[in-house]
Amino acid sequence: MKSKLVFSIALITCVIFSYAQDKVLMDASNSIRIDELKEKMYTYSSDEFEGKDTPSRGQELAVAYLANHYKNLKIPSVKKNSYFQPVPLQFESKPKISLNISDKDFKYYDDYISYKNGPDKSYKDEDIIYAGFGIEDNKYSDYKNLDVNGKIVIVIGGEPKNKNDEFFINGKQKSKWSNIRQEINLKSEIAKSKGALALIIVDEYLHRRYSYRFRYSDSEKGRKRMELGNEESNNFQVLLFSEKHKEFLSNENLKLNMNFKKDVQTFSADNVAAIIRGIEFPDEYVILTAHLDHVGIQNGEIYNGADDNGSGTVALLEIAEAFALAKEQGYSPKRSVVFLHVTAEERGLLGSEYYADYDPLVPINNTIANLNMDMMGRADPNRGIKNLNYVYVIGSDILSDDLHKINLEANEKYAFLELDFRYNDINDPNQFYYRSDHYHFVKNNIPSIFYFSGVHEDYHKPTDTAEKILYEPYKRRVKLIFHTAWGLANSKDKIKLK
Ligand SMILES: [Zn+2]
């Protein structure tokens with residue numbers, strides 16, 4: 001009798017407890033409402049913020065607005081005493097550079113370009129050493145028995161294939177490095193770690209692509225290039241060479257002479273970061289991201305950027321509000337949840353690169369998942385299917401099955417969207433998996449989902465405005481992300497990598 005009674009009390013307590021928790025979760029979820037989304041969307045994409053270019057007065061007003069939101073909700077900053085993480089940036093123009101190799105002169109743009117700035121420096125008769133594809137992996141290495149310390153390393157683009165015409169490293173038809181920025185960065189990291197003085201990549205496609213782009217952006221007409229301005233991302237020289245000199249460059253005992261002086265203007269812009277600390281596993285982090293910037297004013301017209309990326313920004317603000325509401329009712333998440341708004345996405349995913357590679361405000365190794373929101377408030381006119389209550393889900397099952405599962409469950413219970421996985425493919429020609437801020441988490445092996453509703457006729461136009469957002473599907477997408485984040489933060493076990 002007694003034990004039965006104890007059991008019944010325990011059961012009832014349990015039911016009440018779980019009922020209370022469900023109610024708190026539903027209240028939090030129901031706080032994501034169209035009227036609130038609308039109000040924030042009209043504010044964030046108003047003319048007052050002047051298109052939020054990096055850097056600009058409008059963007060400074062925008063980050064102040066974001067910080068204020070967290071302050072009002074009493075959600076603390078990640079950093080002590082400040083919601084802002086200054087990101088060092090620089091505008092880059094054509095460097096002062098002259099280059100010859102074993103008495104042969106080379107012409108800037110036509111023959112080569114400086115893709116990444118190293119320190120200002122004179123190179124005198126430096127040895128050049130050939131290192132194949134410039135790859136080092138546990139299955140394959142071009143650096144075996146090669147001492148490149150203090151030398152200029154020269155490599156070719158791409159990666160080797162085996163006799164089945166598959167790429168050596170991942171055994172697939174498609175290169176592991178289908179993102180070219182990633183290829184250049186990885187090859188440069190490897191050469192740098194071996195003590196090389198500089199890296200030359202000889203590749204027609206890479207050279208053509210970037211010389212064309214740099215020639216334009218270095219000219220009067222072009223918009224200047226922007227890169228990170230911190231010392232560590234500017235301490236190694238990378239040159240891209242055209243293949244027209246491939247034969248000459250394959251000679252042995254070549255010597256390089258080069259004078260290099262960069263031409264940059266440095267400044268900083270802010271990421272904004274807030275956190276709700278977990279109560280059970282506070283040192284495990286779920287990080288939610290959205291870029292806060294857009295492309296500013298061009299030819300006198302303000303680019304309001306409602307979908308890009310007012311939609312991701314406002315979603316993040318509403319999700320933070322829902323978590324804060326639950327916390328107020330006594331339900332803090334088990335794991336910590338970080339709300340990160342990143343700058344300079346439109347300039348090459350720079351705010352997220354700085355966060356992930358140089359200054360993660362919480363340990364990157366304990367960051368268990370990333371949910372990224374970018375352009376999620378419209379409909380894709382090319383989708384050709386009438387149901388507007390859909391969302392493109394990109395990346396959910398690429399690094400973790402658990403992440404995929406949690407997202408599916410959140411949708412089935414709370415968001416009722418058609419999940420469209422057509423771009424969930426690392427080989428998709430649109431390359432969406434590499435094109436927003438989640439990429440810098442993915443490359444650090446952090447499972448990520450990119451939530452996206454597609455490109456449309458107002459993409460990067462002054463007509464991307466607040467009244468064109470489709471608020472009903474948008475609201476459901478925000479709910480989906482909130483519940484997925486909730487699931488990630490509160491699951492019994494932390495999600496596993498594949
Ligand atoms: Zn965007």
# chains A, B, ... in the order shown; residues from 1 in each chain; ligands from 1

$ select_by_dssp --residues "region 56-298 of chain A" --states "strand (DSSP E)" --output "PyMOL selection string"
chain A and resi 84-101+104-106+112-116+121-130+136-137+140-141+152-156+198-202+225-228+237-241+255-276+281-291+297-298

$ residues_near_ligand --ligand "ligand 1" --cutoff "12 Å" --atoms "only C-alpha atoms and all ligand atoms" --output "MDAnalysis selection string"
chainID A and resid 52 289:295 305:313 341:349 372:377 432 435:438 450:455 459:460 464

$ select_by_dssp --residues "region 166-342 of chain A" --states "helix (DSSP H, G or I)" --output "PyMOL selection string"
chain A and resi 180-193+204-217+231-234+243-249+306-328

$ write_last_selection --atoms "C-alpha atoms" --output "PDB file, in the first residue's frame"
ATOM      1  CA  ILE A 180      37.779  27.630 -53.324  1.00  0.00           C
ATOM      2  CA  ARG A 181      38.301  30.037 -50.464  1.00  0.00           C
ATOM      3  CA  GLN A 182      38.530  27.022 -48.212  1.00  0.00           C
ATOM      4  CA  GLU A 183      41.035  25.382 -50.551  1.00  0.00           C
ATOM      5  CA  ILE A 184      43.294  28.428 -50.551  1.00  0.00           C
ATOM      6  CA  ASN A 185      43.000  28.893 -46.796  1.00  0.00           C
ATOM      7  CA  LEU A 186      43.750  25.252 -45.996  1.00  0.00           C
ATOM      8  CA  LYS A 187      46.748  25.094 -48.324  1.00  0.00           C
ATOM      9  CA  SER A 188      48.062  28.311 -46.880  1.00  0.00           C
ATOM     10  CA  GLU A 189      47.590  27.051 -43.293  1.00  0.00           C
ATOM     11  CA  ILE A 190      49.572  23.905 -44.104  1.00  0.00           C
ATOM     12  CA  ALA A 191      52.443  25.780 -45.798  1.00  0.00           C
ATOM     13  CA  LYS A 192      52.564  28.316 -42.960  1.00  0.00           C
ATOM     14  CA  SER A 193      52.667  25.588 -40.316  1.00  0.00           C
ATOM     15  CA  GLU A 204      44.223  29.120 -64.079  1.00  0.00           C
ATOM     16  CA  TYR A 205      40.721  29.205 -62.650  1.00  0.00           C
ATOM     17  CA  LEU A 206      41.723  30.717 -59.314  1.00  0.00           C
ATOM     18  CA  HIS A 207      43.979  33.285 -60.957  1.00  0.00           C
ATOM     19  CA  ARG A 208      41.428  34.283 -63.562  1.00  0.00           C
ATOM     20  CA  ARG A 209      38.624  34.572 -61.075  1.00  0.00           C
ATOM     21  CA  TYR A 210      40.469  36.692 -58.536  1.00  0.00           C
ATOM     22  CA  SER A 211      42.570  38.809 -60.919  1.00  0.00           C
ATOM     23  CA  TYR A 212      39.338  39.826 -62.642  1.00  0.00           C
ATOM     24  CA  ARG A 213      37.715  40.665 -59.343  1.00  0.00           C
ATOM     25  CA  PHE A 214      40.724  42.476 -57.885  1.00  0.00           C
ATOM     26  CA  ARG A 215      41.367  44.503 -61.036  1.00  0.00           C
ATOM     27  CA  TYR A 216      37.821  45.815 -60.793  1.00  0.00           C
ATOM     28  CA  SER A 217      37.748  46.450 -57.050  1.00  0.00           C
ATOM     29  CA  GLU A 231      47.594  40.547 -37.347  1.00  0.00           C
ATOM     30  CA  GLU A 232      47.151  36.725 -37.452  1.00  0.00           C
ATOM     31  CA  SER A 233      45.121  36.738 -40.634  1.00  0.00           C
ATOM     32  CA  ASN A 234      47.709  38.977 -42.328  1.00  0.00           C
ATOM     33  CA  GLU A 243      49.049  28.728 -65.617  1.00  0.00           C
ATOM     34  CA  LYS A 244      50.650  30.404 -68.608  1.00  0.00           C
ATOM     35  CA  HIS A 245      53.969  30.218 -66.759  1.00  0.00           C
ATOM     36  CA  LYS A 246      53.471  26.700 -65.480  1.00  0.00           C
ATOM     37  CA  GLU A 247      56.365  25.273 -67.472  1.00  0.00           C
ATOM     38  CA  PHE A 248      58.803  27.947 -66.373  1.00  0.00           C
ATOM     39  CA  LEU A 249      57.671  27.620 -62.771  1.00  0.00           C
ATOM     40  CA  ALA A 306      14.320  43.259 -45.008  1.00  0.00           C
ATOM     41  CA  ASP A 307      14.734  39.649 -46.090  1.00  0.00           C
ATOM     42  CA  ASP A 308      18.536  39.927 -46.247  1.00  0.00           C
ATOM     43  CA  ASN A 309      18.942  39.882 -43.360  1.00  0.00           C
ATOM     44  CA  GLY A 310      16.244  41.603 -41.351  1.00  0.00           C
ATOM     45  CA  SER A 311      14.481  38.230 -41.434  1.00  0.00           C
ATOM     46  CA  GLY A 312      17.332  36.320 -39.754  1.00  0.00           C
ATOM     47  CA  THR A 313      18.066  39.165 -37.364  1.00  0.00           C
ATOM     48  CA  VAL A 314      14.484  39.577 -36.158  1.00  0.00           C
ATOM     49  CA  ALA A 315      14.089  35.787 -35.896  1.00  0.00           C
ATOM     50  CA  LEU A 316      17.092  35.688 -33.593  1.00  0.00           C
ATOM     51  CA  LEU A 317      15.693  38.527 -31.451  1.00  0.00           C
ATOM     52  CA  GLU A 318      12.321  36.762 -31.105  1.00  0.00           C
ATOM     53  CA  ILE A 319      13.926  33.418 -30.290  1.00  0.00           C
ATOM     54  CA  ALA A 320      16.025  35.082 -27.581  1.00  0.00           C
ATOM     55  CA  GLU A 321      12.851  36.620 -26.204  1.00  0.00           C
ATOM     56  CA  ALA A 322      11.154  33.202 -26.079  1.00  0.00           C
ATOM     57  CA  PHE A 323      14.125  31.695 -24.192  1.00  0.00           C
ATOM     58  CA  ALA A 324      14.115  34.670 -21.793  1.00  0.00           C
ATOM     59  CA  LEU A 325      10.405  34.190 -21.139  1.00  0.00           C
ATOM     60  CA  ALA A 326      10.889  30.518 -20.289  1.00  0.00           C
ATOM     61  CA  LYS A 327      13.767  31.413 -17.999  1.00  0.00           C
ATOM     62  CA  GLU A 328      11.610  33.960 -16.208  1.00  0.00           C
TER      63      GLU A 328
END

$ closest_residue --among "A:Ala269, A:Met226, A:Ile135, A:Ile201" --to "Glu60 (chain A)" --atoms "only C-alpha atoms"
A:Ala269

$ closest_residue --among "A:Ile495, A:Ala466, A:Val238, A:Ile275" --to "Leu37 (chain A)" --atoms "only C-alpha atoms"
A:Ala466

$ residues_around --residues "Ala489 (chain A)" --least-positions-apart "3" --cutoff "7 Å" --atoms "only C-alpha atoms" --output "list in words"
Val286, Pro333, Lys334, Arg335, Ser336, Val337, Ala485 and Trp486 of chain A

$ closest_residue --among "A:Ile276, A:Val155, A:Ile446, A:Ile297" --to "Gln59 (chain A)" --atoms "only C-alpha atoms"
A:Ile297

$ residues_around --residues "Tyr70 (chain A)" --least-positions-apart "2" --cutoff "10 Å" --atoms "only C-alpha atoms" --output "PyMOL selection string"
chain A and resi 65-68+72-77+83+272-275+317+320-321+324+339

$ atom_distance --atom1 "CA of Glu472 (chain A)" --atom2 "CA of Ala62 (chain A)"
25.0 Å

$ atom_distance --atom1 "CA of Lys479 (chain A)" --atom2 "CA of Ser332 (chain A)"
18.0 Å

$ closest_residue --among "A:Ser46, A:Thr54, A:Asn259, A:Asn138" --to "Ser98 (chain A)" --atoms "only C-alpha atoms"
A:Asn259

$ atom_distance --atom1 "CA of Lys163 (chain A)" --atom2 "CA of Asn424 (chain A)"
29.0 Å

$ closest_residue --among "A:Val148, A:Leu350, A:Ile385, A:Leu480" --to "Pro88 (chain A)" --atoms "only C-alpha atoms"
A:Leu350

$ closest_residue --among "A:Ala28, A:Val153, A:Leu228, A:Leu256" --to "Lys104 (chain A)" --atoms "only C-alpha atoms"
A:Leu256
